Amino acid sequence: MLTVLISMFALALGAPVLFSRLGRSAFFVLAAAPAAAFVWLLVELPGVLAADQAAPTGAPGGPPSLVLPWIPTLQLELAFRLDALAAVLCILILGVGALVLFYCARYFKSDDPDVGAFGAQLLAFAAAMFGLVIADDLILMFIFWELTTILSYLLIGYSRHRLSARRSALQALVITTFGGLAMLVGLVMLGEEAGTYRISEILADAGDLAARGTLVDVAIALVLVGAVTKSALVPFHFWLPAAMAAPTPVSAYLHAAAMVKAGVFLVARFAPGFSETAFWHPLIFVLGMATMLLGGWRALRQFDLKLVLAYGTVSQLGFLTMVVGLGGQDGAVAGLGLLLAHGFFKATLFLVVGIIDHQSGTRDLRVLSGVGSTSPVLFAVALVAAGSMAGVPSLFGFVAKESVFEALVHRAEGGLAGTLLLGGMVLGSILTFAYSARFVWGGFALKHGKPRTDFRRVRASFVLAPAVLAVASVVFGLWPAPLDGVVQPYAALYAPDGETPHLALWHGVGLPLLLSAVTLGAGAALYLARRPLERLQDRLPPVREAEAVYRSVIGVLDDVAVWITGRTQRGSLSFYLFVILTTAVVTPLTALIVFDAPLPASFRIAQSPAQIVVAGAIIVGIAAALRSAKRFMAVLMVGITGYGMAILFALHGAPDLALTQMLVETIVLVAFVLALRSLPARLWNRAESRHRLLRAGLGIAFGGIMAVIAMSAMASRNAAPISLAYPEMAYDEGGGANAVNVLLVDIRAWDTLGEITVLAIAATGIASLIFIRGRGDKRRRADGVEDGSVDRGQELLDAGGRSGAALALAARFADAPRDPWLVAGRTLAPERRSIVFEVVTRLLFHTVIVLSVYLLIAGHNLPGGGFAGGLVAGIALAVRYLAGGRFELAEASPVSAGALLGTGLAIVSLTAAAPLLFGGAVLESYILEFWLPVIGDVKFVTSTIFDIGVYIIVVGLVLDVLRSLGSEIDERSEADDPVEEDTGVDALVPPAVEGVQP
């Protein structure tokens with residue numbers, strides 16, 4: 001199972017490369033993945049069904065399962081289980097998925113630029129659906145559930161140049177995400193109440209759980225909200241017809257065979273244990289019946305063939321949800337039979353509509369005419385599928401519907417509710433026959449007074465996929481025994497109630513057969529009366545549709561957001577700081593007073609005189625920053641406070657923290673100085689303000705309350721700190737003597753993973769705000785730039801003076817034909833160069849890079865690590881940039897910042913997941929001890945690889961900052977400077993040097 005899942009996701013990641021080489025034929029390669037998985041399913045199916053039939057849910061020796069520890073302390077596991085219900089869904093997910101991908105190779109144009117991304121997303125969706133149905137953990141199932149939501153958003157919005165596609169995709173995302181969040185709350189409530197998140201264990205204990213009352217009832221109701229939104233039941237039905245803005249293969253797969261079945265699957269998964277809870281039947285039957293009738297009624301007034309099928313799908317989903325939610329063995333057999341039948345015939349019909357649209361350029365049934373005689377094979381395929389949808393005898397749709405009538409007749413014997421349910425489903429089936437006939441007539445009939453539609457010949461490979469599904473409807477209609485064998489183990493989860501139900505073509509003469517005949521006759525009459533029916537529908541008073549209500553709600557939310565934003569986002573930094581700091585002071589102060597938080601009985605101002613001296617320097621820096629009139633000086637003074645904190649860390653015996661603080665302060669200082677070039681030199685107007693005392697008081701109060709919180713937290717401790725065990729854990733379990741580094745890359749590696757992900761996002765945000773024409777990774781190199789202005793330096797030399805001599809010396813360096821001090825130094829104008837700086841840079845750069853690598857490698861046992869090493873390497877790049885300009889930075893770092901960030905994240909992610917292949921947990925590390933020639937004994941800890949990823953990410957982050965705040969601003973300044981353009985100079989004014997010029 002896991003191999004199939006990983007293989008499909010891996011192929012989806014590589015799909016864009018395949019499309020760049022093979023064009024649309026790459027769809028054939030993608031189709032091979034679910035096709036191979038489908039073959040694997042058929043091979044495994046007998047064993048799966050036998051195991052599922054023999055062992056009840058959750059019992060040992062049951063269906064194939066796999067459990068990998070993920071986060072044991074949070075009860076999170078990668079648990080998978082392939083039982084009969086999952087196998088039924090996999091038949092659609094893998095089988096129909098392979099056919100749809102095959103179909104795409106002829107549906108899309110060869111020159112479509114976005115087809116690679118589409119193929120990757122569609123295959124990834126198939127993998128996510130496969131993961132969803134085999135997941136045996138509530139949280140894992142939710143993760144796959146949300147993956148399908150995100151991927152469906154991308155697939156529906158494929159034609160992003162069209163407003164309707166973007167709007168429909170966002171609408172589907174909002175609605176299904178709302179349902180998913182409600183479902184998550186229900187899943188957490190259910191898991192906590194059960195004491196486990198394993199679905200099989202919860203279902204095995206469902207009887208006791210259901211008897212616990214309100215909490216479980218509410219949890220199941222919230223889970224059903226997720227199912228209702230995903231399967232487009234009333235009142236959320238409107239997102240599905242709107243989603244027809246997606247390409248037809250998406251409609252055939254997501255909205256017929258896979259995604260919308262996720263809600264039905266969820267109902268089927270929990271029905272054996274929780275169908276008797278308080279809110280189950282009201283939600284399932286009321287919403288299901290309303291959806292079935294509303295969808296069928298709306299389908300009869302559509303003129304777009306795709307919308308006829310869309311509203312028909314809405315109707316069928318209501319039908320499916322009710323049948324699957326019935327409970328009992330007869331409901332289980334009928335529900336899964338109808339689910340398979342619907343996947344076969346509805347996917348076929350959507351694919352047929354795609355061919356009609358592709359070959360004729362229209363889907364309007366008022367325009368189409370004579371397509372049936374022009375393309376008889378396509379007509380035959382559509383006729384079979386529509387007949388199966390309508391419940392015509394000998395087709396699989398008829399077999400499934402007969403089973404449904406059998407189950408409902410049995411329910412009708414129990415009272416009025418069952419009778420109403422049976423009557424509603426018969427009415428819904430009549431509507432189904434009518435819109436099925438409308439589809440066939442609209443798409444293929446030769447209409448009186450209409451010219452024959454210009455319909456191009458359909459290639460055999462194009463019609464192959466729908467033809468295979470149509471054949472399945474015929475074969476399993478005449479011979480339903482194989483599919484009956486697949487659904488029986490699921491039905492066995494229910495207690496026997498009389499004779500075991502089966503999927504069969506002939507159930508004998510009885511009320512179900514009579515109801516089928518009534519359905520066919522009444523449906524045919526309703527179709528024949530389509531003209532009067534259309535006039536009746538037009539005369540009915542308009543009803544406010546659910547989509548209009550949705551848009552009204554969204555409009556109100558937008559208005560409220562605008563109102564709140566207008567009163568809070570006022571464009572005043574001082575106002576924002578006032579709100580933030582006031583909240584940060586009042587909230588914890590209130591908590592301290594209300595809960596009578598303790599304070600330390602004694603205080604120690606300092607442990608040594610050195611700390612007092614450093615604290616005094618920090619206070620001086622703060623005061624100088626407040627009194628500074630220029631931004632550059634203010635930044636330098638703020639830097640003093642940061643360096644002072646680093647010294648305090650060192651004095652407290654924390655060299656790792658001191659080193660990291662000092663490096664971070666240095667990089668931040670460089671970034672600040674680079675950014676200051678785009679701001680006025682002087683600070684704000686220091687005119688007297690009536691709020692100055694208030695601001696000063698608020699600042700002092702904030703600092704004071706933070707100190708009080710820290711002291712109160714220390715005084716409140718009543719247990720030994722967990723950090724006391726860190727040194728021993730770091731050495732024995734993490735294999736390192738540096739507890740801080742082992743903590744970051746091993747003990748609390750999840751935190752580090754989240755933090756470096758935020759770093760990568762921050763770098764991307766900086767780049768997106770600064771760069772206009774790209775990320776800055778494809779800049780010109782030094783060999784394509786003219787030399788600096790030598791003549792100007794000589795001119796100044798002739799004028800005499802010390803500065804002229806210095807510039808002449810720089811000019812000679814700029815004109816040096818060989819062995820320049822810096823690779824790109826010659827590109828600078830002589831008046832912009834500092835030879836001393838260049839010499840120092842040349843001497844120190846490689847040493848600093850080696851030092852960064854040393855800190856990376858030694859960090860597991862000595863001060864350092866990937867973060868500190870990456871910052872040191874970043875400082876080395878910053879020095880190269882300051883000495884030689886943007887071309888020097890390009891020569892020093894030919895690898896793009898984006899590539900570094902992506903590579904680092906990939907290394908970290910692979911390191912996190914790799915232990916799973918060896919039976920370990922995510923982010924588990926291993927200690928390897930071996931001997932190497934010359935080096936000798938080596939003790940290597942695999943978490944070092946994680947640290948290498950951190951190192952690369954930090955280097956990429958610094959490079960992104962230098963290229964965005966440095967190189968990009970340089971280039972814009974040069975473009976705006978006519979003097980530099982005339983002289984051909986493409987140079988940098990080193991910002992740090994420029995800032996201190998008098």
# chains A, B, ... in the order shown; residues from 1 in each chain; ligands from 1
>>> select_by_dssp(residues="stretch 657-776 of chain A", states="helix (DSSP H, G or I)", output="number ranges by chain")
A: 657-676, 692-715, 722-732, 739-747, 749-770
>>> write_last_selection(atoms="C-alpha atoms", output="PDB file, in the first residue's frame")
ATOM      1  CA  LEU A 657      23.518  31.268  22.189  1.00  0.00           C
ATOM      2  CA  ALA A 658      26.166  34.006  22.301  1.00  0.00           C
ATOM      3  CA  LEU A 659      27.654  32.925  18.968  1.00  0.00           C
ATOM      4  CA  THR A 660      24.270  32.687  17.278  1.00  0.00           C
ATOM      5  CA  GLN A 661      23.097  36.033  18.710  1.00  0.00           C
ATOM      6  CA  MET A 662      26.246  37.777  17.505  1.00  0.00           C
ATOM      7  CA  LEU A 663      25.988  36.315  14.012  1.00  0.00           C
ATOM      8  CA  VAL A 664      22.280  37.102  13.731  1.00  0.00           C
ATOM      9  CA  GLU A 665      22.922  40.662  14.912  1.00  0.00           C
ATOM     10  CA  THR A 666      25.600  41.091  12.252  1.00  0.00           C
ATOM     11  CA  ILE A 667      23.393  39.833   9.422  1.00  0.00           C
ATOM     12  CA  VAL A 668      20.459  41.912  10.628  1.00  0.00           C
ATOM     13  CA  LEU A 669      22.687  44.979  10.786  1.00  0.00           C
ATOM     14  CA  VAL A 670      23.770  44.432   7.170  1.00  0.00           C
ATOM     15  CA  ALA A 671      20.151  43.962   6.088  1.00  0.00           C
ATOM     16  CA  PHE A 672      19.085  47.132   7.918  1.00  0.00           C
ATOM     17  CA  VAL A 673      21.848  49.172   6.359  1.00  0.00           C
ATOM     18  CA  LEU A 674      21.004  47.897   2.896  1.00  0.00           C
ATOM     19  CA  ALA A 675      17.352  48.727   3.400  1.00  0.00           C
ATOM     20  CA  LEU A 676      18.168  52.225   4.719  1.00  0.00           C
ATOM     21  CA  ARG A 692       5.497  61.400  23.984  1.00  0.00           C
ATOM     22  CA  LEU A 693       5.077  60.741  27.704  1.00  0.00           C
ATOM     23  CA  LEU A 694       2.353  58.175  27.010  1.00  0.00           C
ATOM     24  CA  ARG A 695       4.594  56.381  24.546  1.00  0.00           C
ATOM     25  CA  ALA A 696       7.531  56.409  26.921  1.00  0.00           C
ATOM     26  CA  GLY A 697       5.381  55.088  29.740  1.00  0.00           C
ATOM     27  CA  LEU A 698       3.970  52.338  27.549  1.00  0.00           C
ATOM     28  CA  GLY A 699       7.459  51.280  26.483  1.00  0.00           C
ATOM     29  CA  ILE A 700       8.709  51.139  30.058  1.00  0.00           C
ATOM     30  CA  ALA A 701       5.560  49.271  31.133  1.00  0.00           C
ATOM     31  CA  PHE A 702       6.035  46.689  28.393  1.00  0.00           C
ATOM     32  CA  GLY A 703       9.638  46.011  29.388  1.00  0.00           C
ATOM     33  CA  GLY A 704       8.694  45.893  33.045  1.00  0.00           C
ATOM     34  CA  ILE A 705       5.791  43.485  32.580  1.00  0.00           C
ATOM     35  CA  MET A 706       7.956  41.141  30.523  1.00  0.00           C
ATOM     36  CA  ALA A 707      10.494  41.068  33.335  1.00  0.00           C
ATOM     37  CA  VAL A 708       7.763  40.435  35.906  1.00  0.00           C
ATOM     38  CA  ILE A 709       6.328  37.589  33.805  1.00  0.00           C
ATOM     39  CA  ALA A 710       9.772  35.980  33.574  1.00  0.00           C
ATOM     40  CA  MET A 711      10.298  36.239  37.320  1.00  0.00           C
ATOM     41  CA  SER A 712       6.805  34.976  38.081  1.00  0.00           C
ATOM     42  CA  ALA A 713       7.288  32.013  35.768  1.00  0.00           C
ATOM     43  CA  MET A 714      10.485  31.050  37.587  1.00  0.00           C
ATOM     44  CA  ALA A 715       8.838  31.499  40.976  1.00  0.00           C
ATOM     45  CA  ILE A 722      12.882  19.083  31.881  1.00  0.00           C
ATOM     46  CA  SER A 723      16.062  20.756  30.649  1.00  0.00           C
ATOM     47  CA  LEU A 724      18.007  19.039  33.434  1.00  0.00           C
ATOM     48  CA  ALA A 725      17.753  15.806  31.479  1.00  0.00           C
ATOM     49  CA  TYR A 726      18.854  17.367  28.197  1.00  0.00           C
ATOM     50  CA  PRO A 727      22.630  16.896  28.557  1.00  0.00           C
ATOM     51  CA  GLU A 728      22.256  13.205  29.309  1.00  0.00           C
ATOM     52  CA  MET A 729      19.656  12.726  26.577  1.00  0.00           C
ATOM     53  CA  ALA A 730      21.826  14.629  24.113  1.00  0.00           C
ATOM     54  CA  TYR A 731      24.838  12.409  24.750  1.00  0.00           C
ATOM     55  CA  ASP A 732      23.153   9.019  25.171  1.00  0.00           C
ATOM     56  CA  ALA A 739      23.123  19.764  24.174  1.00  0.00           C
ATOM     57  CA  VAL A 740      21.900  22.909  22.399  1.00  0.00           C
ATOM     58  CA  ASN A 741      22.627  21.625  18.907  1.00  0.00           C
ATOM     59  CA  VAL A 742      21.302  18.137  19.631  1.00  0.00           C
ATOM     60  CA  LEU A 743      18.167  19.753  21.017  1.00  0.00           C
ATOM     61  CA  LEU A 744      17.642  21.628  17.746  1.00  0.00           C
ATOM     62  CA  VAL A 745      18.290  18.801  15.288  1.00  0.00           C
ATOM     63  CA  ASP A 746      17.131  15.783  17.274  1.00  0.00           C
ATOM     64  CA  ILE A 747      15.194  16.176  20.517  1.00  0.00           C
ATOM     65  CA  ALA A 749      13.649  18.709  15.547  1.00  0.00           C
ATOM     66  CA  TRP A 750       9.965  19.330  14.750  1.00  0.00           C
ATOM     67  CA  ASP A 751      10.355  22.879  16.081  1.00  0.00           C
ATOM     68  CA  THR A 752      13.421  23.430  13.946  1.00  0.00           C
ATOM     69  CA  LEU A 753      11.651  22.043  10.897  1.00  0.00           C
ATOM     70  CA  GLY A 754       8.861  24.553  11.375  1.00  0.00           C
ATOM     71  CA  GLU A 755      11.274  27.419  11.963  1.00  0.00           C
ATOM     72  CA  ILE A 756      13.373  26.822   8.856  1.00  0.00           C
ATOM     73  CA  THR A 757      10.200  26.497   6.820  1.00  0.00           C
ATOM     74  CA  VAL A 758       9.223  29.942   8.084  1.00  0.00           C
ATOM     75  CA  LEU A 759      12.691  31.176   7.106  1.00  0.00           C
ATOM     76  CA  ALA A 760      12.204  29.902   3.559  1.00  0.00           C
ATOM     77  CA  ILE A 761       8.779  31.554   3.391  1.00  0.00           C
ATOM     78  CA  ALA A 762      10.256  34.807   4.692  1.00  0.00           C
ATOM     79  CA  ALA A 763      12.967  34.742   2.025  1.00  0.00           C
ATOM     80  CA  THR A 764      10.354  34.152  -0.640  1.00  0.00           C
ATOM     81  CA  GLY A 765       8.320  37.048   0.738  1.00  0.00           C
ATOM     82  CA  ILE A 766      11.307  39.394   0.590  1.00  0.00           C
ATOM     83  CA  ALA A 767      12.031  38.382  -2.988  1.00  0.00           C
ATOM     84  CA  SER A 768       8.417  38.806  -4.078  1.00  0.00           C
ATOM     85  CA  LEU A 769       8.263  42.285  -2.563  1.00  0.00           C
ATOM     86  CA  ILE A 770      11.508  43.495  -4.150  1.00  0.00           C
TER      87      ILE A 770
END
>>> residues_around(residues="A:Asp83", least_positions_apart="3", cutoff="8 Å", atoms="only C-alpha atoms", output="PDB file with C-alpha atoms, in the first residue's frame")
ATOM      1  CA  VAL A  48      -8.259  -8.787   1.263  1.00  0.00           C
ATOM      2  CA  LEU A  49     -11.869  -9.939   0.976  1.00  0.00           C
ATOM      3  CA  ASP A  52     -12.079  -8.959   5.928  1.00  0.00           C
ATOM      4  CA  PRO A  63      -7.328  -7.029   6.315  1.00  0.00           C
ATOM      5  CA  PRO A  64      -3.789  -5.990   5.295  1.00  0.00           C
ATOM      6  CA  ALA A  86     -11.514   0.786   0.773  1.00  0.00           C
ATOM      7  CA  ALA A  87     -11.163  -1.767  -2.055  1.00  0.00           C
ATOM      8  CA  ILE A 134      -6.853   3.358   3.084  1.00  0.00           C
TER       9      ILE A 134
END
>>> residues_around(residues="A:Lys401", least_positions_apart="3", cutoff="7 Å", atoms="only C-alpha atoms", output="list in words")
Leu338, Gly391, Gly397, Phe398, Val404 and Phe405 of chain A
>>> residues_around(residues="stretch 300-309 of chain A", least_positions_apart="4", cutoff="7 Å", atoms="only C-alpha atoms", output="PDB file with C-alpha atoms, in the first residue's frame")
ATOM      1  CA  PRO A 241     -22.460  22.668 -10.838  1.00  0.00           C
ATOM      2  CA  GLY A 296     -33.171  16.018 -10.498  1.00  0.00           C
ATOM      3  CA  THR A 313     -24.689  14.114 -10.083  1.00  0.00           C
ATOM      4  CA  VAL A 353     -19.494  15.316 -23.182  1.00  0.00           C
ATOM      5  CA  ARG A 363     -22.264  21.614 -25.386  1.00  0.00           C
ATOM      6  CA  ASP A 364     -25.574  23.420 -25.945  1.00  0.00           C
ATOM      7  CA  LEU A 365     -28.274  20.779 -26.536  1.00  0.00           C
ATOM      8  CA  ARG A 366     -30.330  23.386 -28.428  1.00  0.00           C
ATOM      9  CA  TYR A 435     -32.904  13.821 -17.418  1.00  0.00           C
ATOM     10  CA  PHE A 439     -29.175  14.065 -22.193  1.00  0.00           C
ATOM     11  CA  GLU A 534     -40.166  23.670 -19.235  1.00  0.00           C
TER      12      GLU A 534
END
>>> closest_residue(among="A:Leu503, A:Val635, A:Ala79, A:Leu99", to="A:Glu201", atoms="only C-alpha atoms")
A:Ala79
>>> residues_around(residues="A:Val133", least_positions_apart="5", cutoff="10 Å", atoms="only C-alpha atoms", output="PDB file with N, CA and C atoms, in the first residue's frame")
ATOM      1  N   PHE A  80      -2.360   2.515   7.853  1.00  0.00           N
ATOM      2  CA  PHE A  80      -3.101   2.231   6.622  1.00  0.00           C
ATOM      3  C   PHE A  80      -3.753   0.853   6.745  1.00  0.00           C
ATOM      4  N   ARG A  81      -4.914   0.719   6.096  1.00  0.00           N
ATOM      5  CA  ARG A  81      -5.661  -0.542   6.170  1.00  0.00           C
ATOM      6  C   ARG A  81      -6.504  -0.693   4.909  1.00  0.00           C
ATOM      7  N   LEU A  82      -6.329  -1.789   4.224  1.00  0.00           N
ATOM      8  CA  LEU A  82      -7.072  -2.040   2.988  1.00  0.00           C
ATOM      9  C   LEU A  82      -8.137  -3.093   3.266  1.00  0.00           C
ATOM     10  N   ASP A  83      -9.362  -2.626   3.541  1.00  0.00           N
ATOM     11  CA  ASP A  83     -10.464  -3.548   3.755  1.00  0.00           C
ATOM     12  C   ASP A  83     -11.400  -3.509   2.550  1.00  0.00           C
ATOM     13  N   LEU A  85     -14.351  -2.041   2.043  1.00  0.00           N
ATOM     14  CA  LEU A  85     -14.873  -0.727   1.684  1.00  0.00           C
ATOM     15  C   LEU A  85     -13.812   0.083   0.945  1.00  0.00           C
ATOM     16  N   ALA A  86     -12.588   0.072   1.461  1.00  0.00           N
ATOM     17  CA  ALA A  86     -11.514   0.786   0.773  1.00  0.00           C
ATOM     18  C   ALA A  86     -11.278   0.201  -0.615  1.00  0.00           C
ATOM     19  N   ALA A  87     -11.380  -1.123  -0.749  1.00  0.00           N
ATOM     20  CA  ALA A  87     -11.163  -1.767  -2.055  1.00  0.00           C
ATOM     21  C   ALA A  87     -12.215  -1.321  -3.065  1.00  0.00           C
ATOM     22  N   VAL A  88     -13.471  -1.181  -2.616  1.00  0.00           N
ATOM     23  CA  VAL A  88     -14.530  -0.723  -3.522  1.00  0.00           C
ATOM     24  C   VAL A  88     -14.200   0.666  -4.055  1.00  0.00           C
ATOM     25  N   LEU A  89     -13.784   1.566  -3.172  1.00  0.00           N
ATOM     26  CA  LEU A  89     -13.425   2.914  -3.619  1.00  0.00           C
ATOM     27  C   LEU A  89     -12.183   2.891  -4.488  1.00  0.00           C
ATOM     28  N   CYS A  90     -11.245   1.992  -4.183  1.00  0.00           N
ATOM     29  CA  CYS A  90     -10.016   1.923  -4.982  1.00  0.00           C
ATOM     30  C   CYS A  90     -10.291   1.466  -6.407  1.00  0.00           C
ATOM     31  N   ILE A  93     -11.103   4.776  -7.866  1.00  0.00           N
ATOM     32  CA  ILE A  93      -9.983   5.716  -7.814  1.00  0.00           C
ATOM     33  C   ILE A  93      -8.878   5.314  -8.777  1.00  0.00           C
ATOM     34  N   ALA A 128      -3.829  11.129  -3.420  1.00  0.00           N
ATOM     35  CA  ALA A 128      -4.451  11.615  -2.184  1.00  0.00           C
ATOM     36  C   ALA A 128      -5.754  10.876  -1.893  1.00  0.00           C
ATOM     37  N   MET A 141      -6.357  10.535   7.903  1.00  0.00           N
ATOM     38  CA  MET A 141      -7.449  10.633   6.937  1.00  0.00           C
ATOM     39  C   MET A 141      -7.796  12.095   6.668  1.00  0.00           C
ATOM     40  N   PHE A 144      -5.242  13.694   4.233  1.00  0.00           N
ATOM     41  CA  PHE A 144      -5.528  13.360   2.833  1.00  0.00           C
ATOM     42  C   PHE A 144      -6.817  14.043   2.360  1.00  0.00           C
ATOM     43  N   TRP A 145      -7.779  14.164   3.244  1.00  0.00           N
ATOM     44  CA  TRP A 145      -9.033  14.856   2.923  1.00  0.00           C
ATOM     45  C   TRP A 145      -8.742  16.288   2.472  1.00  0.00           C
ATOM     46  N   ALA A 262     -15.974  10.997  -1.673  1.00  0.00           N
ATOM     47  CA  ALA A 262     -15.306  10.986  -0.372  1.00  0.00           C
ATOM     48  C   ALA A 262     -16.319  11.141   0.758  1.00  0.00           C
ATOM     49  N   PHE A 265     -18.138   7.927   1.068  1.00  0.00           N
ATOM     50  CA  PHE A 265     -17.235   6.977   1.726  1.00  0.00           C
ATOM     51  C   PHE A 265     -17.216   7.204   3.230  1.00  0.00           C
ATOM     52  N   LEU A 266     -17.167   8.468   3.656  1.00  0.00           N
ATOM     53  CA  LEU A 266     -17.136   8.767   5.089  1.00  0.00           C
ATOM     54  C   LEU A 266     -18.405   8.268   5.772  1.00  0.00           C
ATOM     55  N   ARG A 269     -18.147   4.565   5.987  1.00  0.00           N
ATOM     56  CA  ARG A 269     -17.140   4.124   6.951  1.00  0.00           C
ATOM     57  C   ARG A 269     -17.700   4.111   8.372  1.00  0.00           C
TER      58      ARG A 269
END
>>> residues_around(residues="A:Ile202", least_positions_apart="2", cutoff="12 Å", atoms="only C-alpha atoms", output="VMD selection string")
chain A and resid 57 to 59 136 to 138 187 190 to 200 204 to 210 216 269 to 270 272 to 274
>>> atom_distance(atom1="atom CA of A:His255", atom2="atom CA of A:Tyr311")
10.9 Å
>>> residues_around(residues="A:Gly869", least_positions_apart="2", cutoff="8 Å", atoms="only C-alpha atoms", output="PDB file with N, CA and C atoms, in the first residue's frame")
ATOM      1  N   LEU A 851      35.667  28.136   8.017  1.00  0.00           N
ATOM      2  CA  LEU A 851      35.197  28.220   9.404  1.00  0.00           C
ATOM      3  C   LEU A 851      33.717  27.856   9.504  1.00  0.00           C
ATOM      4  N   SER A 852      32.917  28.302   8.524  1.00  0.00           N
ATOM      5  CA  SER A 852      31.490  27.976   8.556  1.00  0.00           C
ATOM      6  C   SER A 852      31.275  26.473   8.430  1.00  0.00           C
ATOM      7  N   VAL A 853      32.062  25.832   7.584  1.00  0.00           N
ATOM      8  CA  VAL A 853      31.937  24.378   7.442  1.00  0.00           C
ATOM      9  C   VAL A 853      32.374  23.684   8.726  1.00  0.00           C
ATOM     10  N   TYR A 854      33.424  24.209   9.359  1.00  0.00           N
ATOM     11  CA  TYR A 854      33.874  23.634  10.626  1.00  0.00           C
ATOM     12  C   TYR A 854      32.779  23.737  11.689  1.00  0.00           C
ATOM     13  N   LEU A 855      32.162  24.909  11.775  1.00  0.00           N
ATOM     14  CA  LEU A 855      31.089  25.071  12.754  1.00  0.00           C
ATOM     15  C   LEU A 855      29.940  24.102  12.473  1.00  0.00           C
ATOM     16  N   LEU A 856      29.645  23.868  11.194  1.00  0.00           N
ATOM     17  CA  LEU A 856      28.597  22.921  10.835  1.00  0.00           C
ATOM     18  C   LEU A 856      28.936  21.520  11.318  1.00  0.00           C
ATOM     19  N   GLY A 864      28.413  25.710  17.812  1.00  0.00           N
ATOM     20  CA  GLY A 864      28.278  25.824  16.356  1.00  0.00           C
ATOM     21  C   GLY A 864      26.980  25.188  15.900  1.00  0.00           C
ATOM     22  N   GLY A 865      27.041  24.553  14.753  1.00  0.00           N
ATOM     23  CA  GLY A 865      25.854  23.918  14.184  1.00  0.00           C
ATOM     24  C   GLY A 865      25.509  24.499  12.830  1.00  0.00           C
ATOM     25  N   GLY A 866      24.467  23.942  12.204  1.00  0.00           N
ATOM     26  CA  GLY A 866      24.082  24.365  10.864  1.00  0.00           C
ATOM     27  C   GLY A 866      23.639  25.804  10.799  1.00  0.00           C
ATOM     28  N   PHE A 867      22.905  26.273  11.808  1.00  0.00           N
ATOM     29  CA  PHE A 867      22.407  27.648  11.786  1.00  0.00           C
ATOM     30  C   PHE A 867      23.563  28.633  11.910  1.00  0.00           C
ATOM     31  N   LEU A 871      25.083  31.181   8.977  1.00  0.00           N
ATOM     32  CA  LEU A 871      25.209  32.627   9.180  1.00  0.00           C
ATOM     33  C   LEU A 871      26.629  33.104   8.898  1.00  0.00           C
ATOM     34  N   VAL A 872      27.633  32.314   9.300  1.00  0.00           N
ATOM     35  CA  VAL A 872      29.026  32.687   9.016  1.00  0.00           C
ATOM     36  C   VAL A 872      29.267  32.716   7.508  1.00  0.00           C
ATOM     37  N   ALA A 873      28.781  31.708   6.802  1.00  0.00           N
ATOM     38  CA  ALA A 873      28.915  31.709   5.343  1.00  0.00           C
ATOM     39  C   ALA A 873      28.177  32.894   4.736  1.00  0.00           C
ATOM     40  N   TYR A 951      21.901  24.458   7.307  1.00  0.00           N
ATOM     41  CA  TYR A 951      23.014  25.291   6.822  1.00  0.00           C
ATOM     42  C   TYR A 951      22.711  25.854   5.440  1.00  0.00           C
TER      43      TYR A 951
END
>>> select_by_dssp(residues="stretch 76-230 of chain A", states="strand (DSSP E)", output="number ranges by chain")
A: 76-81
>>> write_last_selection(atoms="C-alpha atoms", output="PDB file, in the first residue's frame")
ATOM      1  CA  LEU A  76      -0.250  10.221  15.574  1.00  0.00           C
ATOM      2  CA  GLU A  77       0.522   7.253  13.353  1.00  0.00           C
ATOM      3  CA  LEU A  78       0.890   6.549   9.666  1.00  0.00           C
ATOM      4  CA  ALA A  79      -1.705   3.789   9.807  1.00  0.00           C
ATOM      5  CA  PHE A  80      -3.101   2.231   6.622  1.00  0.00           C
ATOM      6  CA  ARG A  81      -5.661  -0.542   6.170  1.00  0.00           C
TER       7      ARG A  81
END
>>> closest_residue(among="A:Ser834, A:Ser403, A:Gln316, A:Ser164", to="A:Gly428", atoms="only C-alpha atoms")
A:Gln316
>>> closest_residue(among="A:Val458, A:Gly443, A:Asp497, A:Leu626", to="A:His410", atoms="only C-alpha atoms")
A:Asp497
>>> closest_atom_pairs(of="stretch 502-572 of chain A", to="stretch 461-483 of chain A", cutoff="10 Å", atoms="only C-alpha atoms", output="JSON lines")
{"residue": "A:His502", "atom": "CA", "partner": "A:Ala481", "partner_atom": "CA", "distance": 8.4}
{"residue": "A:Leu503", "atom": "CA", "partner": "A:Pro480", "partner_atom": "CA", "distance": 6.2}
{"residue": "A:Ala504", "atom": "CA", "partner": "A:Pro480", "partner_atom": "CA", "distance": 6.0}
{"residue": "A:Leu505", "atom": "CA", "partner": "A:Leu478", "partner_atom": "CA", "distance": 6.5}
{"residue": "A:Trp506", "atom": "CA", "partner": "A:Leu478", "partner_atom": "CA", "distance": 9.7}
>>> closest_residue(among="A:Phe350, A:Phe930, A:Phe344, A:Phe9", to="A:Ser388", atoms="only C-alpha atoms")
A:Phe344
